Every structure is written in C-alpha cells, then in structure tokens.
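Student: Can you read through this structure? Questions will come right after.
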Amino acid sequence: MNSIQYMHKGYRHKWFSPEEIITDCLQKVKARENELRSFITVTEDEAVHEAKNITRAFEEGRHESELAGVPVSYKDIINTKGTKTTNGSWIDRDYVPEEDAEVVTNLKSRSAITLGKNNLHEYAFGITSKNPFYGDVLNPWHEDCMVGGSSGGSAAAVAAGFCYGSVGTDTSGSIRIPASCTGIVGLKPTYGLISTEGIFPLSTSMDHAGPMANYVSDVSLLLHGMQKNAPGNPQIGEKPLKLGVPKQYFNEGMSAEVRTVYDQFLENCRSMGAELIEVDTNFFSHSMSLARIIAAPEVTLAHQGKASLDDYAEDIGPTFERGENASALEYLEALQHKKEMTLRLSSIFTQVDILVTPTLPITPPRLGENIVSTGEDISDAMTRYTTPFDITGHPALSMPGGLSGGQLPVGIQLVGGWYQEATVLQLAAEYEKLFLTPFYEQREKRCMTAN
C-alpha cells in the first residue's frame, strides 16, 4: 500500500490526490519526528504548493511520470536551491545553496515532491548517525538500536512512512548500512551512473549517490528518475541466474543470527531456480585498510581551510590527521591496488551474474555500543562487507532478508557487474514477490506506528 507504484495508480484512478498524500506524510512527520529525528529541515510550504499543482495536473490528465506527486527527501549533504543544506554540521547551519544538485533537478523534472532534508552523521563521516548538533537519528524498528549511517535520516524517514523514497550517499556503505538496519531497500549504483554534482564530497573516488525506498520496484523507479537522460523506464527481466557465494571474507566474522538468514536466503534462491556457485573472494582481505588510505587524503582535501577542527564533532579529528600524514606514494599505490581489485571482481562476473553476501555481519547494534558481538570496533564491523564495492564501483543493493531471532531486520547484499543494475533488481524483485510479504507486514506494524 505504501509503494510508489500503488500511489501512481491511485492518482490516475483518482482514489486519492497528491495533496492528500502530502498532508498524510506531513502529519506523520509532525506526530513522530521528535521521536526519530530523521529530518533537519521539513519543506512543508514548498511540498504543499507543489502537491496542489500536481493534483491539478492529474485532474486535467497532464501527468505521465510515475514519480509525479511522490514525496521524496534528500540527505542533507545534497544541495537544494533555496533550502538550507547543513551537511549535518554546525559549520554550515545557515548555508542556502543557489542551485539544486543535479539529482534533485532530475527528480524535480519528473514532478517528485521534496518533503525535506534528512539528518545524517556530520559530513557523512560515520556510520552511527550520531549527531551532536541536530540529535541522533533513531531506528523506527527499536528505539534502543542504531539506525546505521551515514544516510540514517533517509532510512528512518522511509521506514517510518514519512516519505516514499529518499536519496542518500554511499562511500563505505552509507546507503546500504542504514537500509539493512531499518529493513528497507537501498541501492549504491555503479560509480558515476548517478551524478554527484552539488553533493558535498567525502572521498571523490568512492562517492556514490543512490535511491532508498520500501520496495524494490520503487528503488528501480527512483534510479531511473535520478538520471538525466535515462533511456525509458527500467525493465526487470526474468531468467535463471548464476549466484556467486563467497568462499572467503564475506562469510567470516558473521553472527549466528545473520548466518541463519543468509543461508535461508541462498536456499530460497536455489528453490527459485538459481544456480549457486562458490567464488574466490580472498582478494578483498585488505579492503578496509585500502579504503582508509584512499579516503583520508581525499576527505582532508575536501575540507581544506573550511573551518577550525574545534568546529567539527570530536570524532572527525583522526581522519584529518591520517589525511595530513598520508604520503603521495602510499596514496598512488592504493589507487593501483583499487584498480587491480576492480578487475578481479569484474572477472568474477564472467562466471556468475550476482554476488550474494550479507549486508552486515551483525544485526543493528544497541545505542552506545562501541565494540560489537564479533569483537570488532563498530565502524569496522558495520562497513566490512560494504566498503569493497565502493572501492570497485560495482552496483550493490541491500534488501531485507528477514528477521533475526531478536526480531531485528537482517539485510542481504546483491552485487552485480558494472552497469548491471537491472540484473540485480531482477533477482531482488522476484525474491521480494515470493518471500518478503510477511516481513513487510512486520515492518509496517513495527515502524509505521508510534511507539
């Protein structure tokens, strides 16, 4: 019921109007925003005005776009003309861009309605969405659990039903991690497929922008709408798929609860006719150190001369220190290793269509937890399975796999060859149709009502 496809059908058949949907979304935000802190700015007046115009257009039969009248939000690191873009920081608390980011322009051109700007980990620096300036984002599944980050506000807003889609960014997993923690669908597209123009950079060689929504079909529609010259609506095909099951790295340091859901996902795929093939993924073993070497100087450069270190949250300092101390040789060697890793992963896709891994090795951690069940630092644990694909740039989607024994969402990550988003979406859509209805019923019950 809370899908973009259903909404568009309702608009065309005049079951309800964009004005009614926007009013409903804004009422939900007002009722629960203090509980979740998913927004920094709500653009109520703009949204209501746009909804009236689009309602009139539907009444006159003038709207064809499947995103017309769809309430969307943007991570507050994405520029929006005339609306504050704080980057989740106190430094930019009064910054109002003069132009929209390209992804905003593209969605507006398809008559999507901007509902607001989402809270995040400051400058997308972390994965907990703890924010000392605008409040910590909370998980609508459980108030004591982390929402993940850095696109935590986007994920919480979608899962809670405040909006029907959101645009996040992903440099080491920042779309997929919160998608997994909140039981929604989040896609990191192929590097460069979606423009990052007008988005404050974190690490330019690994930054991605991508869609987050409650259903696979909605992510597909948003992905299409985010592209400037997308060739027609995306087509999700049907064919038996060969699925790669990692022999190393992605099956290590995994909690028992995640392994249970992951194994069941693979068995369900087998029952759908997919062929499971073990693949060698040992070359990812140095992903985390490689990402740090690449990201630290790029992050430091992006913030060069921006503000005093005292103006940032206290967890930012170590990254700047690593960036300032990085050598040119170390950085260039890391870029060479990045290229080699990309080629080795691409070679796997000559054997299989999709690589299947858990999104996270653990279930959503408790608030304040710094060392998780695997014995790792929380940042290392949460990014271990997602970071490799920011390095290589391959498309990677997190979708719900099911619930843990503790009734928390567990995400499954589907990775495809370069520009093979449609293949990834094909498997995700078929799996969703056959197996995820009970999960979605639980999500609506747990997330879309006030605690």
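Each chain in the structure tokens gets a letter, A, B, ..., in the order shown, and its residues are numbered from 1; ligands are numbered from 1 in order too.
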So that I can see what lies close to Ser373 of chain A, please list as number ranges by chain the residues with an atom at most 12 Å from it, counting only C-alpha atoms and leaving out residues fewer than 5 positions away in the same chain.

Tutor: A: 253-258, 361-366, 378, 381-382

Student: Save the residues we just selected, all heavy atoms, as a JSON list (two decimals), in the first residue's frame?

Tutor:
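Listing of out-v7.json after writing:
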[["chain", "number", "residue", "atom", "x", "y", "z"],
["A", 253, "GLY", "N", 33.56, -13.83, 10.34],
["A", 253, "GLY", "CA", 33.18, -12.89, 11.39],
["A", 253, "GLY", "C", 31.71, -12.51, 11.35],
["A", 253, "GLY", "O", 31.34, -11.37, 11.60],
["A", 254, "MET", "N", 30.86, -13.48, 11.04],
["A", 254, "MET", "CA", 29.43, -13.26, 10.90],
["A", 254, "MET", "C", 28.70, -13.81, 12.12],
["A", 254, "MET", "O", 29.00, -14.91, 12.58],
["A", 254, "MET", "CB", 28.94, -13.96, 9.63],
["A", 254, "MET", "CG", 27.52, -13.65, 9.22],
["A", 254, "MET", "SD", 26.93, -14.79, 7.91],
["A", 254, "MET", "CE", 28.26, -14.69, 6.69],
["A", 255, "SER", "N", 27.75, -13.05, 12.65],
["A", 255, "SER", "CA", 26.99, -13.55, 13.80],
["A", 255, "SER", "C", 26.10, -14.71, 13.37],
["A", 255, "SER", "O", 25.73, -14.84, 12.20],
["A", 255, "SER", "CB", 26.12, -12.43, 14.38],
["A", 255, "SER", "OG", 25.01, -12.16, 13.56],
["A", 256, "ALA", "N", 25.73, -15.54, 14.32],
["A", 256, "ALA", "CA", 24.91, -16.71, 14.04],
["A", 256, "ALA", "C", 23.54, -16.30, 13.48],
["A", 256, "ALA", "O", 22.99, -16.96, 12.59],
["A", 256, "ALA", "CB", 24.74, -17.55, 15.30],
["A", 257, "GLU", "N", 22.99, -15.21, 13.99],
["A", 257, "GLU", "CA", 21.67, -14.76, 13.54],
["A", 257, "GLU", "C", 21.71, -14.33, 12.08],
["A", 257, "GLU", "O", 20.80, -14.63, 11.30],
["A", 257, "GLU", "CB", 21.17, -13.62, 14.41],
["A", 257, "GLU", "CG", 20.77, -14.05, 15.82],
["A", 257, "GLU", "CD", 20.08, -12.94, 16.56],
["A", 257, "GLU", "OE1", 20.67, -11.85, 16.69],
["A", 257, "GLU", "OE2", 18.94, -13.15, 17.02],
["A", 258, "VAL", "N", 22.77, -13.62, 11.70],
["A", 258, "VAL", "CA", 22.90, -13.20, 10.31],
["A", 258, "VAL", "C", 23.12, -14.41, 9.41],
["A", 258, "VAL", "O", 22.54, -14.52, 8.33],
["A", 258, "VAL", "CB", 24.04, -12.18, 10.16],
["A", 258, "VAL", "CG1", 24.34, -11.90, 8.68],
["A", 258, "VAL", "CG2", 23.70, -10.87, 10.87],
["A", 361, "PRO", "N", 27.64, -8.01, 8.99],
["A", 361, "PRO", "CA", 27.90, -9.27, 9.68],
["A", 361, "PRO", "C", 27.15, -9.41, 11.00],
["A", 361, "PRO", "O", 27.18, -10.46, 11.62],
["A", 361, "PRO", "CB", 29.41, -9.22, 9.93],
["A", 361, "PRO", "CG", 29.73, -7.78, 10.01],
["A", 361, "PRO", "CD", 28.79, -7.08, 9.07],
["A", 362, "ILE", "N", 26.46, -8.33, 11.40],
["A", 362, "ILE", "CA", 25.75, -8.30, 12.69],
["A", 362, "ILE", "C", 24.37, -7.70, 12.49],
["A", 362, "ILE", "O", 24.09, -7.08, 11.46],
["A", 362, "ILE", "CB", 26.52, -7.47, 13.74],
["A", 362, "ILE", "CG1", 26.79, -6.05, 13.19],
["A", 362, "ILE", "CG2", 27.83, -8.15, 14.13],
["A", 362, "ILE", "CD1", 27.40, -5.09, 14.18],
["A", 363, "THR", "N", 23.50, -7.89, 13.48],
["A", 363, "THR", "CA", 22.21, -7.20, 13.49],
["A", 363, "THR", "C", 22.43, -5.77, 14.00],
["A", 363, "THR", "O", 23.51, -5.45, 14.50],
["A", 363, "THR", "CB", 21.21, -7.94, 14.40],
["A", 363, "THR", "OG1", 21.79, -8.08, 15.71],
["A", 363, "THR", "CG2", 20.88, -9.31, 13.84],
["A", 364, "PRO", "N", 21.44, -4.87, 13.85],
["A", 364, "PRO", "CA", 21.64, -3.49, 14.29],
["A", 364, "PRO", "C", 22.12, -3.42, 15.75],
["A", 364, "PRO", "O", 21.48, -3.96, 16.65],
["A", 364, "PRO", "CB", 20.24, -2.88, 14.15],
["A", 364, "PRO", "CG", 19.60, -3.68, 13.07],
["A", 364, "PRO", "CD", 20.12, -5.07, 13.23],
["A", 365, "PRO", "N", 23.27, -2.77, 15.98],
["A", 365, "PRO", "CA", 23.80, -2.69, 17.34],
["A", 365, "PRO", "C", 22.94, -1.83, 18.25],
["A", 365, "PRO", "O", 22.13, -1.02, 17.79],
["A", 365, "PRO", "CB", 25.18, -2.04, 17.15],
["A", 365, "PRO", "CG", 25.46, -2.12, 15.68],
["A", 365, "PRO", "CD", 24.14, -2.12, 15.00],
["A", 366, "ARG", "N", 23.13, -2.01, 19.54],
["A", 366, "ARG", "CA", 22.44, -1.17, 20.52],
["A", 366, "ARG", "C", 23.07, 0.22, 20.55],
["A", 366, "ARG", "O", 24.26, 0.38, 20.30],
["A", 366, "ARG", "CB", 22.53, -1.80, 21.91],
["A", 366, "ARG", "CG", 21.85, -3.15, 22.01],
["A", 366, "ARG", "CD", 20.34, -3.02, 21.95],
["A", 366, "ARG", "NE", 19.68, -4.32, 21.93],
["A", 366, "ARG", "CZ", 18.36, -4.47, 21.94],
["A", 366, "ARG", "NH1", 17.57, -3.42, 21.96],
["A", 366, "ARG", "NH2", 17.82, -5.68, 21.91],
["A", 378, "ILE", "N", 32.86, -0.89, 16.19],
["A", 378, "ILE", "CA", 31.58, -0.85, 15.49],
["A", 378, "ILE", "C", 31.72, -0.38, 14.05],
["A", 378, "ILE", "O", 31.08, -0.91, 13.14],
["A", 378, "ILE", "CB", 30.56, 0.03, 16.26],
["A", 378, "ILE", "CG1", 29.19, -0.06, 15.59],
["A", 378, "ILE", "CG2", 31.02, 1.46, 16.39],
["A", 378, "ILE", "CD1", 28.09, 0.56, 16.37],
["A", 381, "ALA", "N", 33.09, -3.24, 11.89],
["A", 381, "ALA", "CA", 32.11, -4.30, 11.69],
["A", 381, "ALA", "C", 31.02, -3.89, 10.70],
["A", 381, "ALA", "O", 30.64, -4.65, 9.81],
["A", 381, "ALA", "CB", 31.48, -4.69, 13.02],
["A", 382, "MET", "N", 30.54, -2.66, 10.84],
["A", 382, "MET", "CA", 29.41, -2.22, 10.01],
["A", 382, "MET", "C", 29.79, -1.98, 8.56],
["A", 382, "MET", "O", 28.94, -2.05, 7.67],
["A", 382, "MET", "CB", 28.82, -0.94, 10.61],
["A", 382, "MET", "CG", 28.25, -1.10, 12.01],
["A", 382, "MET", "SD", 26.59, -1.77, 12.04],
["A", 382, "MET", "CE", 25.63, -0.26, 11.94]]

Student: May I have all residues of segment 210-372 of chain A that DSSP, computed from the backbone, assigns to strand (DSSP E or B), given as a PyMOL selection string?

Tutor: chain A and resi 210-213+242-246+275-279+354-358+366+371

Student: Write a file of the just-selected residues containing C-alpha atoms, as a CSV table (one decimal), in the first residue's frame.

Tutor:
chain,number,residue,atom,x,y,z
A,210,GLY,CA,21.6,6.3,-4.8
A,211,PRO,CA,17.9,5.7,-4.0
A,212,MET,CA,16.3,4.3,-0.9
A,213,ALA,CA,12.7,3.1,-0.7
A,242,LYS,CA,24.0,-17.8,-11.5
A,243,LEU,CA,24.7,-16.6,-8.0
A,244,GLY,CA,28.2,-16.3,-6.6
A,245,VAL,CA,28.6,-17.4,-3.0
A,246,PRO,CA,31.9,-16.1,-1.5
A,275,GLU,CA,22.4,-21.9,-9.5
A,276,LEU,CA,24.8,-21.3,-6.6
A,277,ILE,CA,28.5,-21.2,-7.4
A,278,GLU,CA,31.3,-20.7,-4.9
A,279,VAL,CA,33.7,-17.9,-5.9
A,354,ILE,CA,25.3,-11.7,-9.0
A,355,LEU,CA,27.5,-12.0,-5.9
A,356,VAL,CA,25.4,-12.6,-2.8
A,357,THR,CA,26.6,-11.6,0.7
A,358,PRO,CA,25.0,-10.3,3.9
A,366,ARG,CA,22.4,-1.2,20.5
A,371,ILE,CA,32.5,-3.0,20.5

Student: Would you kindly return, as a list in words, each protein, DNA or RNA residue with an atom no farther than 8 Å from any atom of Tyr134 of chain A, considering only C-alpha atoms and excluding same-chain residues fewer than 6 positions away?

Tutor: Arg37, Ile40, Gly88 and Asn119 of chain A

Student: What does the distance between atom CA of Tyr431 of chain A and atom CA of Asn214 of chain A come to in Å, to one decimal place?

Tutor: 14.3 Å

Student: Please provide the set of residues having any atom within 9 Å of Phe133 of chain A, restricted to only C-alpha atoms, with same-chain residues fewer than 5 positions apart removed, written as a PDB file with C-alpha atoms, in the first residue's frame.

Tutor:
ATOM      1  CA  GLY A  88      24.710  17.741   9.303  1.00  0.00           C
ATOM      2  CA  SER A  89      27.194  20.277  10.685  1.00  0.00           C
ATOM      3  CA  TRP A  90      27.117  23.402  12.781  1.00  0.00           C
ATOM      4  CA  GLU A 122      28.151  15.047  10.185  1.00  0.00           C
ATOM      5  CA  ALA A 313      32.296  16.893  16.079  1.00  0.00           C
TER       6      ALA A 313
END

Student: Counting only C-alpha atoms, give me one row per residue of segment 35-110 of chain A with an atom at most 9 Å from an atom of segment 145-159 of chain A, showing the shortest contact pair and its distance in Å to one decimal, sorted by chain then residue number, as a tab-separated table.

Tutor:
residue	atom	partner	partner_atom	distance
A:Leu36	CA	A:Ala156	CA	7.3
A:Arg37	CA	A:Gly153	CA	7.2
A:Ser38	CA	A:Gly153	CA	4.0
A:Phe39	CA	A:Gly153	CA	6.2
A:Ile40	CA	A:Gly153	CA	8.7
A:Val72	CA	A:Val158	CA	8.8
A:Ser73	CA	A:Ser154	CA	7.0
A:Tyr74	CA	A:Ser154	CA	6.9
A:Lys75	CA	A:Ser154	CA	6.1
A:Asp76	CA	A:Gly153	CA	8.9
